[in-house]
file work_19.cif (mmCIF, C-alpha atoms)
data_query
#
loop_
_atom_site.label_atom_id
_atom_site.label_comp_id
_atom_site.auth_asym_id
_atom_site.auth_seq_id
_atom_site.Cartn_x
_atom_site.Cartn_y
_atom_site.Cartn_z
CA MET A 1029 -3.95 -15.62 103.76
CA PRO A 1030 -5.70 -12.98 101.64
CA TYR A 1031 -3.61 -10.92 99.25
CA ASP A 1032 -4.00 -8.18 96.67
CA ASP A 1033 -1.95 -6.77 93.80
CA GLU A 1034 0.13 -4.71 96.22
CA THR A 1035 1.03 -7.87 98.13
CA ILE A 1036 2.19 -9.53 94.92
CA VAL A 1037 4.42 -6.57 94.04
CA LYS A 1038 5.93 -6.51 97.54
CA LEU A 1039 6.64 -10.24 97.50
CA GLU A 1040 8.21 -10.02 94.06
CA GLY A 1041 10.42 -7.29 95.48
CA HIS A 1042 11.42 -9.52 98.40
CA ALA A 1043 12.32 -12.29 95.95
CA LYS A 1044 14.55 -9.89 94.00
CA THR A 1045 16.25 -8.82 97.22
CA ILE A 1046 16.89 -12.46 98.07
CA ARG A 1047 18.38 -13.04 94.61
CA ARG A 1048 20.69 -10.03 94.94
CA ASP A 1049 21.75 -11.25 98.38
CA ILE A 1050 22.50 -14.70 96.98
CA ILE A 1051 24.75 -13.29 94.25
CA ASN A 1052 26.58 -10.99 96.66
CA MET A 1053 27.00 -13.66 99.35
CA LEU A 1054 28.40 -16.25 96.98
CA THR A 1055 30.76 -13.82 95.26
CA GLU A 1056 32.13 -12.70 98.64
CA ALA A 1057 32.51 -16.33 99.75
CA GLY A 1058 34.05 -17.48 96.48
CA SER A 1059 32.06 -20.70 96.64
CA GLY A 1060 28.51 -21.96 96.92
CA HIS A 1061 25.48 -22.91 94.88
CA PRO A 1062 23.77 -20.13 92.90
CA GLY A 1063 21.58 -22.17 90.54
CA GLY A 1064 19.26 -23.88 93.00
CA SER A 1065 19.36 -20.98 95.43
CA LEU A 1066 18.02 -18.63 92.77
CA SER A 1067 15.37 -21.07 91.58
CA CYS A 1068 13.61 -21.29 94.95
CA ALA A 1069 13.73 -17.58 95.88
CA ASP A 1070 10.08 -16.89 95.02
CA ILE A 1071 8.90 -19.94 96.97
CA VAL A 1072 10.78 -18.89 100.10
CA ALA A 1073 9.91 -15.19 99.81
CA ALA A 1074 6.20 -16.02 99.78
CA LEU A 1075 6.55 -18.11 102.93
CA TYR A 1076 8.61 -15.74 105.06
CA PHE A 1077 6.94 -12.49 104.06
CA HIS A 1078 3.30 -13.54 103.79
CA VAL A 1079 2.33 -17.15 104.45
CA MET A 1080 4.09 -18.38 107.58
CA ARG A 1081 3.16 -17.50 111.13
CA HIS A 1082 6.47 -16.61 112.77
CA ASP A 1083 8.05 -13.96 114.98
CA PRO A 1084 11.78 -13.14 114.66
CA SER A 1085 11.75 -11.73 118.21
CA LYS A 1086 10.61 -15.14 119.49
CA PRO A 1087 12.38 -17.75 117.35
CA ASP A 1088 11.42 -20.53 119.80
CA TRP A 1089 7.72 -19.59 119.95
CA PRO A 1090 6.00 -23.00 120.27
CA ASP A 1091 3.16 -22.12 117.89
CA ARG A 1092 5.35 -20.81 115.07
CA ASP A 1093 5.17 -22.38 111.64
CA ARG A 1094 8.36 -24.25 110.78
CA PHE A 1095 10.42 -24.06 107.58
CA LEU A 1096 13.06 -26.57 106.50
CA MET A 1097 15.47 -26.30 103.57
CA SER A 1098 16.08 -29.96 102.90
CA LYS A 1099 18.42 -29.18 99.99
CA GLY A 1100 20.82 -27.53 102.39
CA HIS A 1101 23.30 -26.38 99.75
CA CYS A 1102 20.71 -23.70 98.91
CA ALA A 1103 21.14 -22.16 102.37
CA PRO A 1104 21.84 -18.65 100.94
CA THR A 1105 18.15 -18.33 100.03
CA TRP A 1106 17.17 -19.20 103.59
CA TYR A 1107 19.79 -16.93 105.14
CA SER A 1108 18.61 -13.95 103.12
CA ALA A 1109 14.98 -14.54 104.09
CA LEU A 1110 15.93 -14.89 107.75
CA ALA A 1111 18.08 -11.77 107.77
CA ARG A 1112 15.53 -9.67 105.90
CA SER A 1113 12.83 -10.92 108.30
CA GLY A 1114 14.87 -9.78 111.30
CA TYR A 1115 16.31 -12.98 112.76
CA PHE A 1116 19.86 -11.63 112.59
CA PRO A 1117 21.64 -8.58 111.14
CA VAL A 1118 21.76 -8.28 107.35
CA GLU A 1119 25.49 -7.57 107.74
CA TRP A 1120 26.00 -11.23 108.64
CA LEU A 1121 25.27 -12.21 105.04
CA SER A 1122 28.71 -11.06 103.92
CA THR A 1123 30.27 -13.64 106.26
CA LEU A 1124 28.86 -16.66 104.40
CA ARG A 1125 31.20 -19.67 104.56
CA LYS A 1126 33.87 -17.81 106.48
CA ILE A 1127 35.62 -19.42 109.46
CA ASP A 1128 33.63 -18.97 112.69
CA SER A 1129 30.69 -17.42 110.80
CA SER A 1130 27.17 -18.30 111.93
CA LEU A 1131 26.31 -18.75 108.25
CA GLN A 1132 28.05 -21.86 107.04
CA GLY A 1133 27.74 -23.49 103.63
CA HIS A 1134 24.97 -25.68 104.97
CA PRO A 1135 22.45 -24.59 107.64
CA ASP A 1136 23.42 -25.09 111.29
CA MET A 1137 20.52 -24.96 113.76
CA ILE A 1138 22.96 -24.45 116.66
CA LYS A 1139 24.72 -21.41 115.20
CA THR A 1140 22.04 -19.66 113.14
CA PRO A 1141 18.95 -17.97 114.60
CA GLY A 1142 15.78 -19.13 112.88
CA VAL A 1143 17.25 -22.28 111.38
CA GLU A 1144 15.07 -25.23 112.40
CA MET A 1145 17.16 -28.02 110.90
CA SER A 1146 20.83 -28.64 110.13
CA SER A 1147 20.85 -29.93 106.57
CA GLY A 1148 23.31 -30.85 103.89
CA SER A 1149 23.08 -34.61 103.44
CA LEU A 1150 20.25 -34.84 100.94
CA GLY A 1151 17.05 -36.75 101.53
CA GLN A 1152 16.66 -36.25 105.27
CA GLY A 1153 14.45 -33.17 105.49
CA LEU A 1154 11.04 -34.74 104.99
CA SER A 1155 11.62 -37.26 107.77
CA ILE A 1156 12.41 -34.40 110.14
CA ALA A 1157 9.39 -32.43 108.92
CA ASN A 1158 7.22 -35.45 109.67
CA GLY A 1159 8.57 -35.63 113.22
CA MET A 1160 7.83 -31.95 113.82
CA ALA A 1161 4.36 -32.28 112.32
CA LEU A 1162 3.51 -35.39 114.30
CA ALA A 1163 4.70 -33.70 117.50
CA GLY A 1164 2.39 -30.81 116.72
CA LYS A 1165 -0.54 -33.18 116.32
CA ILE A 1166 0.26 -34.95 119.59
CA ASP A 1167 0.66 -31.64 121.45
CA GLY A 1168 -2.57 -30.22 120.02
CA ARG A 1169 -0.83 -27.30 118.29
CA ASP A 1170 -1.93 -25.94 114.93
CA TYR A 1171 1.41 -24.94 113.45
CA ARG A 1172 2.36 -26.04 109.95
CA VAL A 1173 5.65 -27.41 108.65
CA TYR A 1174 6.87 -26.20 105.25
CA ILE A 1175 9.79 -27.85 103.47
CA VAL A 1176 11.62 -27.32 100.18
CA LEU A 1177 13.21 -30.29 98.43
CA GLY A 1178 15.22 -30.44 95.23
CA ASP A 1179 14.08 -32.57 92.31
CA GLY A 1180 17.47 -34.27 92.19
CA GLU A 1181 17.22 -34.78 95.94
CA ILE A 1182 14.02 -36.80 95.69
CA GLN A 1183 15.98 -39.56 93.97
CA GLU A 1184 17.00 -40.46 97.55
CA GLY A 1185 15.24 -43.51 98.98
CA GLN A 1186 14.65 -42.00 102.40
CA VAL A 1187 12.38 -39.39 100.80
CA TRP A 1188 9.94 -42.09 99.75
CA GLU A 1189 9.93 -43.76 103.16
CA ALA A 1190 9.07 -40.35 104.57
CA ALA A 1191 6.41 -39.84 101.90
CA MET A 1192 4.67 -43.05 103.00
CA THR A 1193 4.98 -42.08 106.65
CA ALA A 1194 3.39 -38.67 106.17
CA ALA A 1195 0.46 -40.14 104.27
CA HIS A 1196 0.02 -42.99 106.76
CA HIS A 1197 -0.20 -40.56 109.69
CA LYS A 1198 -2.43 -38.16 107.71
CA LEU A 1199 -0.04 -35.27 108.33
CA ASP A 1200 -2.10 -32.49 106.78
CA ASN A 1201 0.12 -29.99 108.60
CA VAL A 1202 3.01 -30.86 106.25
CA CYS A 1203 3.34 -28.81 103.07
CA ALA A 1204 6.30 -29.81 100.90
CA VAL A 1205 7.53 -28.05 97.77
CA VAL A 1206 9.67 -29.67 95.09
CA ASP A 1207 11.86 -27.09 93.38
CA ASN A 1208 11.52 -28.75 89.98
CA ASN A 1209 14.21 -26.99 87.97
CA GLY A 1210 15.20 -30.13 86.06
CA LEU A 1211 18.94 -30.00 86.78
CA GLN A 1212 21.24 -31.54 89.36
CA ILE A 1213 24.99 -31.30 89.78
CA ASP A 1214 25.81 -33.90 87.12
CA GLY A 1215 23.27 -32.80 84.51
CA PRO A 1216 19.56 -33.08 83.67
CA VAL A 1217 17.57 -34.97 86.30
CA ASP A 1218 15.85 -37.05 83.62
CA GLU A 1219 19.23 -38.27 82.36
CA ILE A 1220 20.84 -38.95 85.74
CA LYS A 1221 17.89 -40.88 87.19
CA SER A 1222 14.50 -40.14 85.72
CA LEU A 1223 11.70 -39.51 88.18
CA GLY A 1224 8.99 -39.95 85.58
CA SER A 1225 5.94 -37.90 86.53
CA ILE A 1226 6.71 -36.22 89.85
CA PRO A 1227 3.06 -35.30 90.52
CA ALA A 1228 1.87 -38.84 89.73
CA LYS A 1229 4.48 -40.39 92.01
CA TRP A 1230 3.55 -38.25 95.01
CA GLU A 1231 -0.15 -38.72 94.37
CA SER A 1232 0.35 -42.49 94.31
CA PHE A 1233 1.91 -42.19 97.77
CA GLY A 1234 -1.27 -40.57 99.08
CA TRP A 1235 -0.40 -36.89 98.86
CA HIS A 1236 -2.57 -34.01 97.69
CA ILE A 1237 -0.85 -32.52 94.62
CA ILE A 1238 -0.73 -28.89 93.45
CA GLU A 1239 1.23 -27.89 90.35
CA VAL A 1240 2.42 -24.31 89.86
CA ASP A 1241 4.81 -22.05 87.99
CA GLY A 1242 7.38 -21.57 90.74
CA HIS A 1243 8.10 -18.02 89.58
CA ASN A 1244 4.48 -16.85 89.44
CA MET A 1245 3.78 -15.28 92.83
CA LYS A 1246 0.01 -15.44 92.45
CA GLN A 1247 0.11 -19.15 91.68
CA ILE A 1248 2.46 -19.73 94.62
CA LEU A 1249 0.18 -17.92 97.07
CA ASP A 1250 -2.90 -19.70 95.73
CA ALA A 1251 -1.12 -23.02 96.18
CA TYR A 1252 -0.27 -22.29 99.81
CA GLU A 1253 -3.87 -21.22 100.41
CA GLU A 1254 -5.18 -24.44 98.87
CA ALA A 1255 -2.70 -26.46 100.94
CA HIS A 1256 -3.96 -24.85 104.12
CA GLY A 1257 -7.46 -26.14 103.45
CA VAL A 1258 -6.52 -29.77 102.76
CA GLU A 1259 -7.54 -32.21 105.49
CA GLY A 1260 -6.28 -35.73 106.13
CA ARG A 1261 -3.39 -35.71 103.64
CA PRO A 1262 0.02 -34.05 103.35
CA VAL A 1263 0.43 -31.62 100.46
CA MET A 1264 3.06 -31.59 97.74
CA ILE A 1265 3.45 -28.46 95.63
CA VAL A 1266 5.35 -29.28 92.45
CA ALA A 1267 6.87 -25.96 91.43
CA ARG A 1268 8.21 -25.76 87.89
CA THR A 1269 11.25 -23.52 88.13
CA VAL A 1270 14.33 -22.41 86.20
CA LYS A 1271 17.78 -23.09 87.60
CA GLY A 1272 19.54 -19.75 88.09
CA LYS A 1273 16.29 -17.78 87.67
CA GLY A 1274 16.75 -14.03 87.38
CA VAL A 1275 20.26 -14.05 85.94
CA SER A 1276 20.17 -14.67 82.20
CA PHE A 1277 23.62 -16.23 81.86
CA MET A 1278 22.91 -18.62 84.74
CA GLU A 1279 19.41 -19.68 83.74
CA ASP A 1280 19.05 -23.38 82.95
CA LYS A 1281 22.84 -23.81 83.09
CA VAL A 1282 24.05 -26.82 85.07
CA ASP A 1283 27.52 -25.23 85.24
CA PHE A 1284 26.14 -22.79 87.81
CA HIS A 1285 24.87 -25.50 90.13
CA GLY A 1286 27.87 -25.11 92.42
CA VAL A 1287 30.12 -22.36 91.01
CA ALA A 1288 30.19 -18.90 92.59
CA PRO A 1289 30.06 -15.80 90.36
CA SER A 1290 33.22 -13.86 89.60
CA GLU A 1291 33.33 -10.14 90.38
CA ASP A 1292 32.43 -9.30 86.78
CA GLU A 1293 29.59 -11.80 86.85
CA ARG A 1294 28.36 -10.35 90.12
CA GLU A 1295 28.16 -6.88 88.61
CA ALA A 1296 26.27 -8.16 85.58
CA ALA A 1297 23.92 -10.33 87.66
CA VAL A 1298 22.98 -7.66 90.19
CA ALA A 1299 22.32 -5.21 87.35
CA GLU A 1300 19.79 -7.67 85.92
CA ILE A 1301 17.94 -8.23 89.19
CA ILE A 1302 16.10 -4.92 89.42
#

call {"tool": "encode", "arguments": {"input": "work_19.cif", "output": "structure tokens"}}
result
Amino acid sequence: MPYDDETIVKLEGHAKTIRRDIINMLTEAGSGHPGGSLSCADIVAALYFHVMRHDPSKPDWPDRDRFLMSKGHCAPTWYSALARSGYFPVEWLSTLRKIDSSLQGHPDMIKTPGVEMSSGSLGQGLSIANGMALAGKIDGRDYRVYIVLGDGEIQEGQVWEAAMTAAHHKLDNVCAVVDNNGLQIDGPVDEIKSLGSIPAKWESFGWHIIEVDGHNMKQILDAYEEAHGVEGRPVMIVARTVKGKGVSFMEDKVDFHGVAPSEDEREAAVAEII
């Protein structure tokens, strides 16, 4: 996955487009989750526009890399990346959360082209990623499974059962990313239920750990490259991020975990994301 300075600039541009789409989608819908959607935009942009092997014209291609958004309330990030990649018309984005729309508040793999997993109930994504990865091993395919989890989400017990499973089966085709923005719906993660050292926990479960600034595109790409070369262990990228990244009045504000922007806030936010 070689890259140059031009690649970095292009990917940063894709991340800004995703952020603008998030703001516009949520304002149109009048509901949704801007904070965590904005914080993982760089992570997802790098995957869809450089790292992953995928083809929007063949969404069921058996050898495609898979992506799962385990924290399903951040679906707007995924929808923007899918639309901008060509899985469905960009015009669909304005239908977010509307009745009969293919783009519901949480991802629906039946209704939405390119969505690999219906998510919403937190904690389930890694188990599903493990199943996909194990199937790939059994079938002799070399695809990889990428998954984004929230730091509040990994308080869920099922995540740690899945962490043990991935290490036990040596699923080196699993690359997980924790969007470590430090906030969940009720407040700071450390105050709600402290995770201690996230890297140390995952390492103790047998995972290869990479720590990055989740808004530094070069570090993100280097992390994915390193992950691709790891053998015999699943990879966890701990990405330090800022809730609401890119919109100054949303950054590091728990109030914007699940509150859509007003029309005035939309105008101010989009003006910032240039």

call {"tool": "closest_residue", "arguments": {"input": "work_19.cif", "among": "A:Ala1299, A:Leu1096, A:Leu1131, A:Ala1204", "to": "A:Tyr1076", "atoms": "only C-alpha atoms"}}
result
A:Leu1096

call {"tool": "resolve_selection", "arguments": {"input": "work_19.cif", "expression": "the PyMOL selection byres ((chain A and resi 1222) around 12)", "output": "VMD selection string"}}
result
chain A and resid 1179 to 1183 1210 to 1212 1215 to 1221 1223 to 1226 1229

call {"tool": "resolve_selection", "arguments": {"input": "work_19.cif", "expression": "the PyMOL selection byres ((chain A and resi 1188) around 10)", "output": "number ranges by chain"}}
result
A: 1151, 1154-1155, 1182-1187, 1189-1194, 1229-1230, 1233

call {"tool": "resolve_selection", "arguments": {"input": "work_19.cif", "expression": "the PyMOL selection byres ((chain A and resi 1206) around 8)", "output": "list in words"}}
result
Val1176, Leu1177, Gly1178, Asp1179, Ala1204, Val1205, Asp1207, Asn1208, Met1264, Ile1265, Val1266 and Ala1267 of chain A

call {"tool": "residues_around", "arguments": {"input": "work_19.cif", "residues": "stretch 1280-1291 of chain A", "least_positions_apart": "4", "cutoff": "9 Å", "atoms": "only C-alpha atoms", "output": "ChimeraX atom specification"}}
result
/A:1051-1052,1054-1065,1101,1209-1216,1270-1273,1276,1295-1297

call {"tool": "closest_residue", "arguments": {"input": "work_19.cif", "among": "A:Asp1091, A:Glu1300, A:Glu1253, A:Glu1040", "to": "A:Cys1203", "atoms": "only C-alpha atoms"}}
result
A:Glu1253

call {"tool": "residues_around", "arguments": {"input": "work_19.cif", "residues": "stretch 1170-1175 of chain A", "least_positions_apart": "3", "cutoff": "9 Å", "atoms": "all atoms listed in the file", "output": "PyMOL selection string"}}
result
chain A and resi 1075+1080-1081+1090-1098+1153-1154+1157-1158+1160-1161+1164-1165+1200-1206+1256

call {"tool": "atom_distance", "arguments": {"input": "work_19.cif", "atom1": "atom CA of A:Ser1108", "atom2": "atom CA of A:Asp1032"}}
result
24.2 Å

call {"tool": "closest_residue", "arguments": {"input": "work_19.cif", "among": "A:Thr1035, A:Gln1132, A:Ser1232, A:Thr1045", "to": "A:Val1079", "atoms": "all atoms listed in the file"}}
result
A:Thr1035

call {"tool": "residues_around", "arguments": {"input": "work_19.cif", "residues": "stretch 1117-1130 of chain A", "least_positions_apart": "5", "cutoff": "7 Å", "atoms": "all atoms listed in the file", "output": "number ranges by chain"}}
result
A: 1053, 1056-1057, 1111-1112, 1139-1140

call {"tool": "closest_residue", "arguments": {"input": "work_19.cif", "among": "A:Ser1149, A:His1134, A:Glu1144, A:Arg1047", "to": "A:Thr1105", "atoms": "only C-alpha atoms"}}
result
A:Arg1047
